[in-house]
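Written below as structure tokens is the structure these notes are about.
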Amino acid sequence: MTSDVPLPAHAWPQLEPGWVWLCGAGPGDPGLLTLHAVNALRQADVVIYDALVQEAILEWAPQAEHIYAGKRGGKPSAKQRDISLRLVDLAREGKRVLRLKGGDPFVFGRGGEEAQTLVQHDVPVRIIPGISAGIGGLAYAGIPVTHRDVNQSVTFITGHDQSGNATGSLNWQAISDGSQVLVIYMGMKHIAQISSKLIAAGRPLSEPVAVVTTATTDEQRVLETTLGTIVDDIAAAGMEPPAIICVGSSVLMRQVLDWQGMAAGEPPRNLDPLGRGRPAESA
């Protein structure tokens, strides 16, 4: 696609000078951009983008200056304060600023912090949601985060706190008891601690787990494992972040819903992975 493809008729908002739009770019696949995101990319003077934003997405903004502000665990990264204040400075220069963040800016994306800084400095903002990797990335792996036969709740968890260490403030017992399916962002570094806490809280060693790395891109990989073997299996597979980890029986649905595998000619592995013994459409 190129930037001369017209958007459908609509009262599209204008990105005015001095404004900052905080926009979710989705989990990776450029096709998962919203139309509001495409509209923003076409108007921006400056795009400040995160590490997980694909180069093909930036091609929608050839007129703009592209500024990298990625934060990757264990690697040199811009400080959050510097990123936030850079947005303020650019807006005060009269630039039309697009802050482009992977996934959704308000789902473990620090979008709330950046937006608050802008408002505190009298910079007008607009928020454009994006598809979060915890939903879209798992969907690309053929894993529904909710399924009527599996769960009536799902919990989204970050794998580390502000310091980068394993999240210590979470009540793992309450999480384990209260939600059938868990979706863990940024959990690879501390997966040994996380899995141990869940097992100690009563989750079975045999509980299905999926690890999806670089979700929705051509480099996507999916590991199906269990809570008891996940640490060794990740190491054996040589998997690295960025990753989404899903814990729960909904992972089994990949055996019938691996749509990318089926598109490549692979048959479904199991038409009834939950062992319900009845057609899917039956009540």
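All residue names refer to the structure tokens as shown: chains lettered A, B, ... in order, residues numbered from 1 in each chain, ligands numbered from 1 in order.
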For A:Gly228, work out the shell of residues within 6 Å, counting only C-alpha atoms and skipping chain neighbours fewer than 2 positions away, then give it as a list of chain:residue names.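 Here the answer would be A:Leu205, A:Thr226, A:Ile230.
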Would you give me, as CSV, each residue of stretch 48-112 of chain A having an atom within 12 Å of an atom of stretch 139-162 of chain A, along with its shortest atom pair and that distance in Å to one decimal, using only C-alpha atoms and sorting by chain and residue number?
```
residue,atom,partner,partner_atom,distance
A:Gly73,CA,A:His160,CA,10.0
A:Lys79,CA,A:Gln162,CA,11.7
A:Gln80,CA,A:Gln162,CA,10.5
A:Val107,CA,A:Phe156,CA,8.9
A:Phe108,CA,A:Thr158,CA,6.9
A:Gly109,CA,A:Thr158,CA,10.3
A:Arg110,CA,A:Gln162,CA,10.3
```
In Å, with one decimal, what is the gap from atom CA of A:Leu138 to atom CA of A:Val222?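 These atoms are spaced 9.5 Å apart.
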Could you give me, as a list in words, the residues within 10 Å of A:Gly28, counting only C-alpha atoms and dropping anything in the same chain fewer than 5 positions from it? Leu33, Leu52, Val53, Gln54, Glu55, Ala56, Ile57, Gly102, Gly103, Ile131, Ser132, Ala133, Gly136, Gly137, Thr214, Ala215, Thr216, Thr217, Asp218 and Gln220 of chain A
Find the spatial neighbours of A:Ile48, counting only C-alpha atoms, within a cut-off of 7 Å - ignore same-chain residues fewer than 4 positions away - and output them as a PyMOL selection string. chain A and resi 66-69+98-100
Take the residues that were just selected and, keeping all heavy atoms, output them as a PDB file, in the first residue's frame.
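out34.pdb written:
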```
ATOM      1  N   HIS A  66      11.005  10.906  11.386  1.00  0.00           N
ATOM      2  CA  HIS A  66      10.811   9.711  12.190  1.00  0.00           C
ATOM      3  C   HIS A  66      11.855   9.694  13.311  1.00  0.00           C
ATOM      4  O   HIS A  66      13.059   9.722  13.054  1.00  0.00           O
ATOM      5  CB  HIS A  66      10.956   8.455  11.344  1.00  0.00           C
ATOM      6  CG  HIS A  66       9.965   8.369  10.230  1.00  0.00           C
ATOM      7  ND1 HIS A  66      10.092   7.471   9.183  1.00  0.00           N
ATOM      8  CD2 HIS A  66       8.829   9.071   9.982  1.00  0.00           C
ATOM      9  CE1 HIS A  66       9.071   7.621   8.341  1.00  0.00           C
ATOM     10  NE2 HIS A  66       8.304   8.583   8.810  1.00  0.00           N
ATOM     11  N   ILE A  67      11.381   9.636  14.557  1.00  0.00           N
ATOM     12  CA  ILE A  67      12.269   9.643  15.717  1.00  0.00           C
ATOM     13  C   ILE A  67      12.044   8.367  16.514  1.00  0.00           C
ATOM     14  O   ILE A  67      10.936   8.099  16.980  1.00  0.00           O
ATOM     15  CB  ILE A  67      12.011  10.873  16.609  1.00  0.00           C
ATOM     16  CG1 ILE A  67      12.262  12.163  15.818  1.00  0.00           C
ATOM     17  CG2 ILE A  67      12.897  10.828  17.853  1.00  0.00           C
ATOM     18  CD1 ILE A  67      11.907  13.423  16.591  1.00  0.00           C
ATOM     19  N   TYR A  68      13.099   7.588  16.676  1.00  0.00           N
ATOM     20  CA  TYR A  68      13.000   6.327  17.414  1.00  0.00           C
ATOM     21  C   TYR A  68      13.071   6.591  18.908  1.00  0.00           C
ATOM     22  O   TYR A  68      13.949   7.317  19.388  1.00  0.00           O
ATOM     23  CB  TYR A  68      14.129   5.386  16.990  1.00  0.00           C
ATOM     24  CG  TYR A  68      14.158   4.080  17.744  1.00  0.00           C
ATOM     25  CD1 TYR A  68      13.221   3.082  17.474  1.00  0.00           C
ATOM     26  CD2 TYR A  68      15.114   3.839  18.723  1.00  0.00           C
ATOM     27  CE1 TYR A  68      13.244   1.874  18.162  1.00  0.00           C
ATOM     28  CE2 TYR A  68      15.148   2.635  19.408  1.00  0.00           C
ATOM     29  CZ  TYR A  68      14.210   1.665  19.126  1.00  0.00           C
ATOM     30  OH  TYR A  68      14.237   0.477  19.810  1.00  0.00           O
ATOM     31  N   ALA A  69      12.137   5.992  19.653  1.00  0.00           N
ATOM     32  CA  ALA A  69      12.115   6.131  21.113  1.00  0.00           C
ATOM     33  C   ALA A  69      11.819   4.786  21.752  1.00  0.00           C
ATOM     34  O   ALA A  69      11.047   4.691  22.705  1.00  0.00           O
ATOM     35  CB  ALA A  69      11.090   7.175  21.538  1.00  0.00           C
ATOM     36  N   LEU A  98       2.860  12.863  16.197  1.00  0.00           N
ATOM     37  CA  LEU A  98       2.224  11.559  16.357  1.00  0.00           C
ATOM     38  C   LEU A  98       3.136  10.684  17.204  1.00  0.00           C
ATOM     39  O   LEU A  98       4.269  10.392  16.826  1.00  0.00           O
ATOM     40  CB  LEU A  98       1.982  10.900  15.000  1.00  0.00           C
ATOM     41  CG  LEU A  98       1.389   9.487  15.050  1.00  0.00           C
ATOM     42  CD1 LEU A  98       0.025   9.484  15.726  1.00  0.00           C
ATOM     43  CD2 LEU A  98       1.291   8.885  13.651  1.00  0.00           C
ATOM     44  N   ARG A  99       2.624  10.301  18.362  1.00  0.00           N
ATOM     45  CA  ARG A  99       3.336   9.348  19.227  1.00  0.00           C
ATOM     46  C   ARG A  99       2.785   7.974  18.929  1.00  0.00           C
ATOM     47  O   ARG A  99       1.639   7.652  19.253  1.00  0.00           O
ATOM     48  CB  ARG A  99       3.118   9.719  20.696  1.00  0.00           C
ATOM     49  CG  ARG A  99       3.756   8.729  21.668  1.00  0.00           C
ATOM     50  CD  ARG A  99       5.277   8.744  21.569  1.00  0.00           C
ATOM     51  NE  ARG A  99       5.881   7.973  22.675  1.00  0.00           N
ATOM     52  CZ  ARG A  99       6.562   6.856  22.504  1.00  0.00           C
ATOM     53  NH1 ARG A  99       6.716   6.351  21.278  1.00  0.00           N
ATOM     54  NH2 ARG A  99       7.089   6.242  23.544  1.00  0.00           N
ATOM     55  N   LEU A 100       3.585   7.145  18.264  1.00  0.00           N
ATOM     56  CA  LEU A 100       3.126   5.853  17.761  1.00  0.00           C
ATOM     57  C   LEU A 100       3.673   4.746  18.651  1.00  0.00           C
ATOM     58  O   LEU A 100       4.888   4.563  18.768  1.00  0.00           O
ATOM     59  CB  LEU A 100       3.597   5.667  16.322  1.00  0.00           C
ATOM     60  CG  LEU A 100       2.906   4.612  15.472  1.00  0.00           C
ATOM     61  CD1 LEU A 100       1.411   4.884  15.341  1.00  0.00           C
ATOM     62  CD2 LEU A 100       3.547   4.542  14.092  1.00  0.00           C
TER      63      LEU A 100
END
```
Which polymer residues have any atom within 6 Å of an atom of A:Val181, counting only C-alpha atoms, with same-chain residues fewer than 2 positions away left out, as JSON, numbers by chain? {"A": [154, 179, 247, 248]}
File dump, residues just selected, C-alpha atoms, as a PDB file, in the first residue's frame:
```pdb
ATOM      1  CA  VAL A 154      -9.472 -13.177  31.490  1.00  0.00           C
ATOM      2  CA  SER A 179      -9.370 -15.934  36.375  1.00  0.00           C
ATOM      3  CA  VAL A 247      -2.035 -19.602  30.476  1.00  0.00           C
ATOM      4  CA  GLY A 248      -5.253 -21.595  30.397  1.00  0.00           C
TER       5      GLY A 248
END
```
Would you pick out the contacts of A:Ala11 at 12 Å or less, using only C-alpha atoms, so that residues sharing its chain but fewer than 3 positions from it are not included, and give the list as an MDAnalysis selection string? chainID A and resid 7:8 14 35:36 39
Could you list, as a PyMOL selection string, every residue within 6 Å of stretch 253-262 of chain A, counting only C-alpha atoms and ignoring same-chain residues fewer than 5 positions away? chain A and resi 142-143+267-271
Generate a file of the selected residues that holds N, CA, C and O atoms, formatted as a JSON list (two decimals), in the first residue's frame.
```json
[["chain", "number", "residue", "atom", "x", "y", "z"],
["A", 142, "GLY", "N", -4.17, -18.37, 16.71],
["A", 142, "GLY", "CA", -5.31, -19.28, 16.76],
["A", 142, "GLY", "C", -5.79, -19.56, 18.18],
["A", 142, "GLY", "O", -6.36, -20.62, 18.44],
["A", 143, "ILE", "N", -5.56, -18.61, 19.07],
["A", 143, "ILE", "CA", -5.94, -18.78, 20.48],
["A", 143, "ILE", "C", -6.93, -17.69, 20.86],
["A", 143, "ILE", "O", -6.57, -16.51, 20.91],
["A", 267, "PRO", "N", -3.58, -29.71, 8.11],
["A", 267, "PRO", "CA", -4.91, -30.00, 8.61],
["A", 267, "PRO", "C", -5.02, -29.65, 10.09],
["A", 267, "PRO", "O", -4.01, -29.62, 10.80],
["A", 268, "PRO", "N", -6.22, -29.36, 10.59],
["A", 268, "PRO", "CA", -6.37, -29.17, 12.03],
["A", 268, "PRO", "C", -5.99, -30.43, 12.79],
["A", 268, "PRO", "O", -6.26, -31.54, 12.34],
["A", 269, "ARG", "N", -5.35, -30.27, 13.93],
["A", 269, "ARG", "CA", -4.86, -31.42, 14.68],
["A", 269, "ARG", "C", -5.96, -32.14, 15.46],
["A", 269, "ARG", "O", -5.88, -33.33, 15.69],
["A", 270, "ASN", "N", -6.97, -31.37, 15.86],
["A", 270, "ASN", "CA", -8.02, -31.95, 16.69],
["A", 270, "ASN", "C", -9.26, -31.08, 16.54],
["A", 270, "ASN", "O", -9.23, -29.90, 16.91],
["A", 271, "LEU", "N", -10.34, -31.63, 16.03],
["A", 271, "LEU", "CA", -11.54, -30.84, 15.82],
["A", 271, "LEU", "C", -12.31, -30.58, 17.11],
["A", 271, "LEU", "O", -13.19, -29.72, 17.14]]
```
Can you work out the spacing between atom CA of A:Leu223 and atom CA of A:Val211 in Å, to one decimal? 5.1 Å
Please tabulate, as CSV, the residues of stretch 6-36 of chain A that come within 12 Å of stretch 120-129 of chain A, each with its closest pair of atoms and the distance in Å to one decimal, counting only C-alpha atoms and ordering rows by chain, then residue number upward.
```
residue,atom,partner,partner_atom,distance
A:Pro13,CA,A:Arg126,CA,9.9
A:Gln14,CA,A:Arg126,CA,10.6
A:Leu15,CA,A:Arg126,CA,9.0
A:Glu16,CA,A:Pro124,CA,9.6
A:Pro17,CA,A:Pro124,CA,10.0
A:Gly18,CA,A:Val123,CA,7.1
A:Trp19,CA,A:Pro124,CA,5.2
A:Val20,CA,A:Val125,CA,5.0
A:Trp21,CA,A:Arg126,CA,4.7
A:Leu22,CA,A:Ile127,CA,5.0
A:Cys23,CA,A:Ile128,CA,4.5
A:Gly24,CA,A:Pro129,CA,5.2
A:Ala25,CA,A:Pro129,CA,8.3
A:Gly26,CA,A:Pro129,CA,8.7
A:Pro27,CA,A:Pro129,CA,11.9
A:Leu32,CA,A:Pro129,CA,11.6
A:Leu33,CA,A:Pro129,CA,9.7
A:Thr34,CA,A:Pro129,CA,8.3
A:Leu35,CA,A:Ile128,CA,9.9
A:His36,CA,A:Ile128,CA,6.9
```
Taking the DSSP secondary structure from the backbone, can you list the residues of stretch 26-269 of chain A that are alpha helix (DSSP H), as JSON, numbers by chain? {"A": [35, 36, 37, 38, 39, 40, 41, 42, 43, 55, 56, 57, 58, 80, 81, 82, 83, 84, 85, 86, 87, 88, 89, 90, 91, 92, 111, 112, 113, 114, 115, 116, 117, 118, 119, 120, 133, 134, 135, 136, 137, 138, 139, 140, 172, 173, 174, 175, 176, 177, 178, 191, 192, 193, 194, 195, 196, 197, 198, 199, 200, 230, 231, 232, 233, 234, 235, 236, 237, 254, 255, 256, 257, 259, 260, 261, 262, 263]}
Could you write those residues out with C-alpha atoms, as a tab-separated table (two decimals), in the first residue's frame?
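Resulting contents of selection-v7.tsv:
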```tsv
chain	number	residue	atom	x	y	z
A	35	LEU	CA	-8.07	4.01	9.84
A	36	HIS	CA	-7.62	6.76	12.43
A	37	ALA	CA	-3.99	5.64	12.73
A	38	VAL	CA	-3.50	5.81	8.96
A	39	ASN	CA	-5.11	9.25	8.91
A	40	ALA	CA	-2.73	10.39	11.64
A	41	LEU	CA	0.34	9.02	9.88
A	42	ARG	CA	-0.55	10.93	6.73
A	43	GLN	CA	-0.75	14.26	8.55
A	55	GLU	CA	9.11	-0.14	9.32
A	56	ALA	CA	6.26	-0.74	6.86
A	57	ILE	CA	3.97	1.27	9.15
A	58	LEU	CA	6.30	4.27	9.07
A	80	GLN	CA	10.54	7.73	29.90
A	81	ARG	CA	10.87	11.27	31.27
A	82	ASP	CA	12.97	12.31	28.26
A	83	ILE	CA	10.43	10.84	25.83
A	84	SER	CA	7.52	12.61	27.49
A	85	LEU	CA	9.27	15.97	27.60
A	86	ARG	CA	10.41	15.59	23.98
A	87	LEU	CA	6.75	15.36	23.01
A	88	VAL	CA	6.08	18.58	24.91
A	89	ASP	CA	8.96	20.37	23.19
A	90	LEU	CA	7.93	19.28	19.70
A	91	ALA	CA	4.34	20.37	20.29
A	92	ARG	CA	5.51	23.76	21.53
A	111	GLY	CA	0.39	5.99	27.25
A	112	GLY	CA	-1.37	7.23	30.35
A	113	GLU	CA	1.88	8.63	31.73
A	114	GLU	CA	2.74	10.41	28.49
A	115	ALA	CA	-0.76	11.81	28.06
A	116	GLN	CA	-0.78	13.10	31.64
A	117	THR	CA	2.55	14.87	31.10
A	118	LEU	CA	1.19	16.53	27.97
A	119	VAL	CA	-1.96	17.73	29.68
A	120	GLN	CA	0.04	19.03	32.65
A	133	ALA	CA	-0.98	-7.92	21.38
A	134	GLY	CA	-2.70	-9.81	24.17
A	135	ILE	CA	-5.77	-10.08	21.97
A	136	GLY	CA	-4.58	-9.65	18.39
A	137	GLY	CA	-1.33	-11.55	18.80
A	138	LEU	CA	-3.08	-14.54	20.32
A	139	ALA	CA	-5.75	-14.43	17.62
A	140	TYR	CA	-3.02	-14.72	14.98
A	172	TRP	CA	-0.86	-14.33	42.63
A	173	GLN	CA	-3.22	-16.40	44.75
A	174	ALA	CA	-6.11	-14.07	43.95
A	175	ILE	CA	-5.16	-13.98	40.27
A	176	SER	CA	-4.96	-17.76	40.10
A	177	ASP	CA	-8.29	-18.21	41.87
A	178	GLY	CA	-10.11	-15.46	40.05
A	191	ILE	CA	8.91	-16.60	33.51
A	192	ALA	CA	10.60	-18.92	36.04
A	193	GLN	CA	9.38	-16.78	38.93
A	194	ILE	CA	5.95	-16.25	37.40
A	195	SER	CA	5.34	-19.93	36.70
A	196	SER	CA	6.53	-20.87	40.19
A	197	LYS	CA	4.14	-18.38	41.78
A	198	LEU	CA	1.21	-19.68	39.74
A	199	ILE	CA	2.01	-23.30	40.59
A	200	ALA	CA	2.34	-22.38	44.27
A	230	ILE	CA	7.57	-23.80	30.20
A	231	VAL	CA	10.98	-22.68	31.46
A	232	ASP	CA	12.87	-25.60	29.93
A	233	ASP	CA	10.80	-25.55	26.75
A	234	ILE	CA	11.43	-21.84	26.12
A	235	ALA	CA	15.16	-22.42	26.55
A	236	ALA	CA	15.14	-25.47	24.28
A	237	ALA	CA	13.23	-23.60	21.58
A	254	ARG	CA	-5.10	-23.71	18.72
A	255	GLN	CA	-5.35	-27.37	17.75
A	256	VAL	CA	-8.46	-26.52	15.76
A	257	LEU	CA	-8.01	-22.77	15.14
A	259	TRP	CA	-5.73	-20.67	10.78
A	260	GLN	CA	-2.29	-19.72	9.53
A	261	GLY	CA	-1.19	-23.35	9.57
A	262	MET	CA	-4.37	-24.40	7.77
A	263	ALA	CA	-3.85	-21.66	5.18
```
Could you give me, as a ChimeraX atom specification, each residue of stretch 32-172 of chain A that DSSP assigns to strand (DSSP E or B) when run on this structure's backbone? /A:46-49,65-68,97-101,103,125-128,154-158,160,166
